[in-house]
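Containing mmCIF, C-alpha atoms and all ligand atoms: start.cif.
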```cif
data_run
#
loop_
_atom_site.label_atom_id
_atom_site.label_comp_id
_atom_site.auth_asym_id
_atom_site.auth_seq_id
_atom_site.Cartn_x
_atom_site.Cartn_y
_atom_site.Cartn_z
CA MET L 60 -13.81 3.50 11.18
CA LEU L 61 -10.40 3.59 9.48
CA VAL L 62 -8.74 1.06 7.16
CA ASP L 63 -4.98 0.51 7.14
CA SER L 64 -4.53 -0.17 3.42
CA HIS L 65 -0.98 -1.50 3.70
CA CYS L 66 0.79 -3.44 6.45
CA HIS L 67 2.97 -6.50 6.89
CA LEU L 68 1.54 -8.39 9.86
CA ASP L 69 3.26 -11.62 8.81
CA PHE L 70 6.72 -10.08 9.32
CA PRO L 71 8.59 -11.56 12.30
CA ASP L 72 8.49 -8.26 14.22
CA LEU L 73 4.71 -8.15 14.22
CA ALA L 74 3.47 -11.75 13.90
CA PRO L 75 4.01 -12.72 17.55
CA ARG L 76 2.12 -9.60 18.70
CA LEU L 77 -1.00 -10.26 16.60
CA PRO L 78 -3.56 -10.44 19.45
CA GLU L 79 -2.31 -7.16 20.92
CA ILE L 80 -2.16 -5.55 17.45
CA LEU L 81 -5.79 -6.48 16.76
CA GLU L 82 -6.83 -5.13 20.15
CA ASN L 83 -5.03 -1.83 19.52
CA MET L 84 -6.76 -1.57 16.15
CA GLN L 85 -10.14 -1.98 17.79
CA ARG L 86 -9.34 0.58 20.47
CA ASN L 87 -8.37 3.15 17.81
CA ASP L 88 -11.34 2.43 15.55
CA VAL L 89 -9.14 0.89 12.85
CA GLY L 90 -11.65 -1.64 11.58
CA CYS L 91 -9.64 -3.39 8.87
CA ALA L 92 -6.10 -3.84 7.61
CA VAL L 93 -4.63 -5.21 4.38
CA CYS L 94 -1.77 -7.69 4.77
CA ILE L 95 0.54 -7.17 1.83
CA ALA L 96 2.52 -10.00 0.28
CA VAL L 97 6.16 -9.45 -0.68
CA ASN L 98 7.10 -12.89 -2.06
CA LEU L 99 5.63 -16.31 -2.77
CA GLU L 100 7.62 -18.08 -0.06
CA GLU L 101 5.85 -16.19 2.73
CA LEU L 102 2.53 -15.87 0.96
CA PRO L 103 0.78 -18.73 2.82
CA ARG L 104 1.18 -16.81 6.09
CA VAL L 105 -0.28 -13.66 4.54
CA LEU L 106 -3.26 -15.52 3.09
CA ALA L 107 -3.81 -17.36 6.38
CA LEU L 108 -4.17 -14.04 8.22
CA ALA L 109 -7.02 -13.04 5.90
CA GLU L 110 -8.62 -16.46 6.05
CA THR L 111 -8.73 -16.52 9.84
CA HIS L 112 -9.75 -12.88 10.48
CA GLN L 113 -12.84 -11.24 9.07
CA ASN L 114 -11.21 -7.79 9.19
CA LEU L 115 -7.87 -8.65 7.59
CA TYR L 116 -7.43 -8.78 3.82
CA ALA L 117 -4.55 -10.10 1.72
CA THR L 118 -2.78 -9.34 -1.53
CA VAL L 119 -0.63 -11.55 -3.74
CA GLY L 120 2.60 -10.39 -5.33
CA VAL L 121 6.38 -10.25 -5.36
CA HIS L 122 8.02 -7.01 -4.23
CA PRO L 123 10.52 -5.35 -6.62
CA GLU L 124 13.23 -5.40 -3.96
CA TYR L 125 13.50 -9.22 -3.81
CA THR L 126 16.10 -10.80 -6.06
CA ASP L 127 16.69 -14.30 -4.71
CA THR L 128 13.07 -15.39 -4.81
CA GLU L 129 10.63 -17.41 -6.88
CA GLU L 130 9.60 -15.43 -9.95
CA PRO L 131 5.80 -15.45 -10.32
CA SER L 132 4.16 -16.23 -13.64
CA GLU L 133 1.03 -14.38 -14.65
CA GLN L 134 -1.01 -17.56 -14.22
CA ARG L 135 0.40 -18.22 -10.76
CA LEU L 136 -0.60 -14.74 -9.61
CA ILE L 137 -4.07 -15.24 -11.06
CA ASP L 138 -4.48 -18.62 -9.34
CA LEU L 139 -3.37 -17.29 -5.95
CA ALA L 140 -4.96 -13.84 -6.05
CA ASN L 141 -7.09 -12.83 -3.12
CA HIS L 142 -8.19 -9.18 -2.71
CA ALA L 143 -5.58 -7.40 -4.84
CA ILE L 144 -2.33 -7.87 -6.77
CA GLY L 145 0.87 -6.54 -5.19
CA GLU L 146 2.88 -5.23 -3.86
CA THR L 147 4.54 -4.68 -7.17
CA GLY L 148 6.27 -1.79 -8.90
CA LEU L 149 9.79 -0.43 -9.29
CA ASP L 150 12.35 0.34 -6.62
CA TYR L 151 15.32 2.29 -7.96
CA TYR L 152 16.36 3.26 -4.46
CA TRP L 153 17.51 -0.23 -3.50
CA HIS L 154 18.35 -1.18 -7.07
CA LYS L 155 20.12 1.87 -8.44
CA ASP L 156 21.13 -0.03 -11.59
CA ARG L 157 17.42 -0.11 -12.56
CA PRO L 158 17.43 -3.78 -13.63
CA GLU L 159 15.24 -4.97 -16.48
CA TRP L 160 13.82 -7.83 -14.40
CA GLN L 161 11.98 -5.32 -12.20
CA ARG L 162 10.10 -3.94 -15.17
CA ASP L 163 9.34 -7.46 -16.48
CA ARG L 164 8.03 -8.53 -13.08
CA PHE L 165 5.96 -5.35 -12.80
CA ARG L 166 4.36 -5.90 -16.23
CA CYS L 167 3.56 -9.49 -15.26
CA HIS L 168 1.64 -8.28 -12.17
CA ILE L 169 -0.26 -5.64 -14.14
CA ARG L 170 -1.33 -8.16 -16.78
CA ALA L 171 -2.52 -10.60 -14.09
CA ALA L 172 -4.51 -7.86 -12.33
CA ILE L 173 -6.20 -6.80 -15.56
CA LYS L 174 -7.14 -10.40 -16.42
CA ILE L 175 -8.94 -10.92 -13.11
CA GLY L 176 -10.16 -7.36 -12.58
CA LYS L 177 -8.45 -6.76 -9.25
CA PRO L 178 -6.69 -3.59 -8.12
CA LEU L 179 -2.91 -3.17 -8.04
CA VAL L 180 -0.85 -2.20 -5.01
CA VAL L 181 2.05 -0.25 -6.47
CA HIS L 182 5.40 0.40 -4.81
CA MET L 183 7.18 3.37 -6.43
CA ARG L 184 10.51 4.48 -5.03
CA GLY L 185 12.86 6.71 -7.01
CA SER L 186 11.10 5.41 -10.10
CA ALA L 187 8.11 7.67 -10.78
CA GLU L 188 8.76 8.17 -14.48
CA ASP L 189 9.15 4.47 -15.38
CA THR L 190 6.39 3.36 -13.01
CA LEU L 191 3.81 5.71 -14.53
CA ARG L 192 4.96 4.96 -18.07
CA ILE L 193 4.63 1.18 -17.62
CA LEU L 194 1.24 1.49 -15.92
CA ALA L 195 0.03 3.52 -18.89
CA GLU L 196 1.61 1.21 -21.49
CA GLU L 197 -0.02 -1.85 -19.95
CA GLY L 198 -3.43 -0.20 -19.67
CA ALA L 199 -3.55 -0.39 -15.88
CA GLN L 200 -6.37 2.19 -15.92
CA ALA L 201 -8.65 -0.78 -16.54
CA VAL L 202 -8.28 -1.91 -12.91
CA GLY L 203 -6.65 1.01 -11.11
CA GLY L 204 -5.19 0.53 -7.70
CA VAL L 205 -3.19 2.34 -5.10
CA MET L 206 0.14 4.15 -5.23
CA HIS L 207 1.18 3.01 -1.78
CA CYS L 208 3.35 4.94 0.70
CA PHE L 209 3.32 7.95 -1.58
CA THR L 210 6.55 9.97 -1.28
CA GLU L 211 6.53 11.94 -4.52
CA THR L 212 5.40 15.43 -5.49
CA TRP L 213 1.89 16.67 -6.23
CA ASP L 214 2.80 16.67 -9.92
CA VAL L 215 3.50 12.91 -9.80
CA ALA L 216 0.33 12.35 -7.76
CA ARG L 217 -1.69 14.16 -10.42
CA GLN L 218 -0.29 11.88 -13.14
CA ALA L 219 -1.17 8.78 -11.10
CA LEU L 220 -4.67 10.19 -10.50
CA ASP L 221 -5.03 10.73 -14.25
CA LEU L 222 -4.29 7.02 -14.68
CA GLY L 223 -7.20 6.25 -12.36
CA PHE L 224 -5.08 5.39 -9.34
CA HIS L 225 -5.68 6.21 -5.68
CA ILE L 226 -2.94 7.76 -3.55
CA SER L 227 -2.15 6.22 -0.17
CA PHE L 228 -0.31 8.25 2.44
CA SER L 229 1.75 6.72 5.24
CA GLY L 230 3.27 8.03 8.47
CA ILE L 231 5.77 10.01 6.43
CA VAL L 232 3.08 12.68 5.89
CA THR L 233 3.29 13.45 9.63
CA PHE L 234 7.02 14.25 9.49
CA LYS L 235 7.80 17.96 9.84
CA ASN L 236 10.07 18.22 6.78
CA ALA L 237 7.77 16.28 4.40
CA THR L 238 6.64 19.46 2.63
CA ALA L 239 6.06 18.00 -0.84
CA ILE L 240 4.14 15.00 0.52
CA LYS L 241 1.98 17.29 2.67
CA GLU L 242 1.20 19.31 -0.44
CA ALA L 243 0.17 16.15 -2.31
CA ALA L 244 -2.00 15.09 0.65
CA THR L 245 -3.67 18.50 0.63
CA ASN L 246 -4.41 18.53 -3.10
CA THR L 247 -5.41 14.93 -3.84
CA PRO L 248 -9.19 14.78 -4.27
CA LEU L 249 -10.87 13.47 -1.14
CA ASN L 250 -12.48 10.61 -3.05
CA ARG L 251 -9.07 9.27 -4.14
CA ILE L 252 -7.13 9.18 -0.85
CA LEU L 253 -6.26 6.12 1.20
CA VAL L 254 -4.27 5.85 4.42
CA GLU L 255 -1.79 3.21 5.51
CA THR L 256 0.97 2.43 7.98
CA ASP L 257 3.33 0.16 5.98
CA SER L 258 4.02 -1.29 9.43
CA PRO L 259 6.33 -2.45 10.89
CA TYR L 260 8.13 0.45 9.17
CA LEU L 261 7.62 4.21 9.10
CA ALA L 262 5.84 4.87 12.37
CA PRO L 263 4.16 8.30 12.29
CA SER L 264 4.90 11.08 14.74
CA PRO L 265 4.83 10.81 17.75
CA TYR L 266 6.12 7.24 17.40
CA ARG L 267 8.76 7.97 14.76
CA GLY L 268 11.64 5.47 14.91
CA LYS L 269 9.60 2.94 16.90
CA GLN L 270 7.85 -0.17 15.61
CA ASN L 271 4.75 0.75 13.62
CA GLU L 272 1.38 -1.04 13.72
CA PRO L 273 -2.04 -0.60 12.05
CA ALA L 274 -3.57 1.28 15.02
CA TYR L 275 -1.24 4.19 14.27
CA VAL L 276 -2.92 4.84 10.91
CA ARG L 277 -5.11 7.13 12.98
CA HIS L 278 -2.21 9.60 13.23
CA VAL L 279 -1.86 9.60 9.45
CA ALA L 280 -5.57 10.38 9.07
CA GLU L 281 -5.40 13.09 11.73
CA GLU L 282 -2.53 14.81 9.94
CA ILE L 283 -4.37 14.76 6.61
CA GLY L 284 -7.42 16.18 8.39
CA ARG L 285 -5.29 18.93 9.88
CA LEU L 286 -3.84 19.78 6.46
CA ARG L 287 -7.28 19.93 4.85
CA ASN L 288 -9.23 21.44 7.70
CA LEU L 289 -11.37 18.34 8.09
CA SER L 290 -12.20 16.28 11.17
CA LEU L 291 -10.81 12.80 11.80
CA ASP L 292 -14.35 11.54 11.29
CA GLU L 293 -14.59 13.09 7.83
CA ILE L 294 -11.22 11.67 6.78
CA SER L 295 -12.15 8.25 8.17
CA LYS L 296 -15.46 8.16 6.30
CA ALA L 297 -13.89 9.25 3.01
CA THR L 298 -10.83 6.98 3.06
CA THR L 299 -12.82 3.94 4.19
CA ALA L 300 -15.41 4.46 1.46
CA ASN L 301 -12.59 4.87 -1.07
CA PHE L 302 -11.01 1.65 0.11
CA PHE L 303 -14.15 -0.46 -0.32
CA ASN L 304 -14.85 1.15 -3.69
CA LEU L 305 -11.42 0.11 -4.90
CA PHE L 306 -11.08 -3.27 -3.16
CA LYS L 307 -14.39 -4.53 -4.49
CA HIS L 308 -13.70 -8.09 -3.37
CA ALA L 309 -13.14 -7.10 0.25
CA VAL L 310 -16.27 -7.64 2.30
CA GLN L 311 -16.73 -5.04 5.02
CA PRO L 312 -17.00 -6.79 8.40
CA THR L 313 -20.31 -6.27 10.18
ZN ZN T 1 6.33 -0.82 -0.61
ZN ZN T 2 4.93 -2.80 1.91
#
```
In structure tokens, write the structure found in this file.
Ligand SMILES: [Zn+2]
Ligand SMILES: [Zn+2]
Amino acid sequence: MLVDSHCHLDFPDLAPRLPEILENMQRNDVGCAVCIAVNLEELPRVLALAETHQNLYATVGVHPEYTDTEEPSEQRLIDLANHAIGETGLDYYWHKDRPEWQRDRFRCHIRAAIKIGKPLVVHMRGSAEDTLRILAEEGAQAVGGVMHCFTETWDVARQALDLGFHISFSGIVTFKNATAIKEAATNTPLNRILVETDSPYLAPSPYRGKQNEPAYVRHVAEEIGRLRNLSLDEISKATTANFFNLFKHAVQPT
């Protein structure tokens, strides 16, 4: 069984297709998926998905890309928290001016996660240096978490691993020209790897450019298996065990 550690099933592209999405997951042996919150306004829909489905989990957080949105306080995150805190982090791709509020918001999420002992889901885009520095400064090693949709080099992966974080690979690892990401996926210790889709975005080959969904996480796992000379079964077992080790509050469906 595989776990999609990062998807957005509440997004308008995917929400109306939920029954079909769940069926496709089952058919591809994708047993569970984590619905990731991006702001507080849409959070009730994310939490409702986890409350009504045994095999869907939810996180609580405000994405670093959102400007015109309710700013969460540490206490609010703690009160709302479900299985993990996030997604949070720094996005210097969409915000090239590297605004201070992103770092403040990020620190707020890390502090909340540490207080309640739940893992962090970290979004890092064009921001590796600051992201790793702030995680270290705030003592995020205490809870760890996942560097989601990893698109950096092996060197950056190694620094995140040193901080106690897991590395989650998305469909990007299946793209032909993703040499550095393939290298990171080859070198990351097997007991620290997760897989994800980040659906509806970033569909893996052979669906590149189309709408993504959790069932396709299988293609991500297959590619990592190919890179490491391991079977899909071995990758599934390892990444699923890693997931439940990290997301201690997520109960594996029976
Ligand atoms: Zn993200
Ligand atoms: Zn996301």
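Near Phe234 (chain L), within a cut-off of 12 Å and counting all atoms listed in the file, sit the residues Thr210, Phe228, Ser229, Ala239, Ile240, Lys241, Leu261, Ala262, Pro263, Ser264, Pro265, Tyr266, Arg267, Gly268, His278, Val279, Glu282 and Ile283 of chain L, with same-chain residues fewer than 5 positions away left out.
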Listing only residues of chain L within 7 Å of ligand ZN 2 (chain T), what is the closest atom pair and its distance in Å (to one decimal) for each, using only C-alpha atoms and all ligand atoms, sorted by chain and residue number ascending, as a tab-separated table?
```
residue	atom	partner	partner_atom	distance
L:His65	CA	T:ZN2	ZN	6.3
L:Cys66	CA	T:ZN2	ZN	6.2
L:His67	CA	T:ZN2	ZN	6.5
L:Ile95	CA	T:ZN2	ZN	6.2
L:Glu146	CA	T:ZN2	ZN	6.6
L:Asp257	CA	T:ZN2	ZN	5.3
```
TODO: May I ask you to write as a list in words all residues lying at most 8 Å from ligand ZN 1 (chain T), with all atoms listed in the file counted?
DONE: His122, Glu146, Thr147, Val181, His182, Met183, His207, Cys208 and Asp257 of chain L
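Interatomic distance, CA of Leu102 (chain L) to CA of Glu129 (chain L): 11.4 Å.
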Box dimensions and centre (Å, one decimal) enclosing region 266-276 of chain L, axis-aligned, 3 Å extra per side, as AutoDock Vina command-line options:
```
--center_x 4.0 --center_y 3.5 --center_z 14.2 --size_x 21.2 --size_y 15.0 --size_z 12.5
```
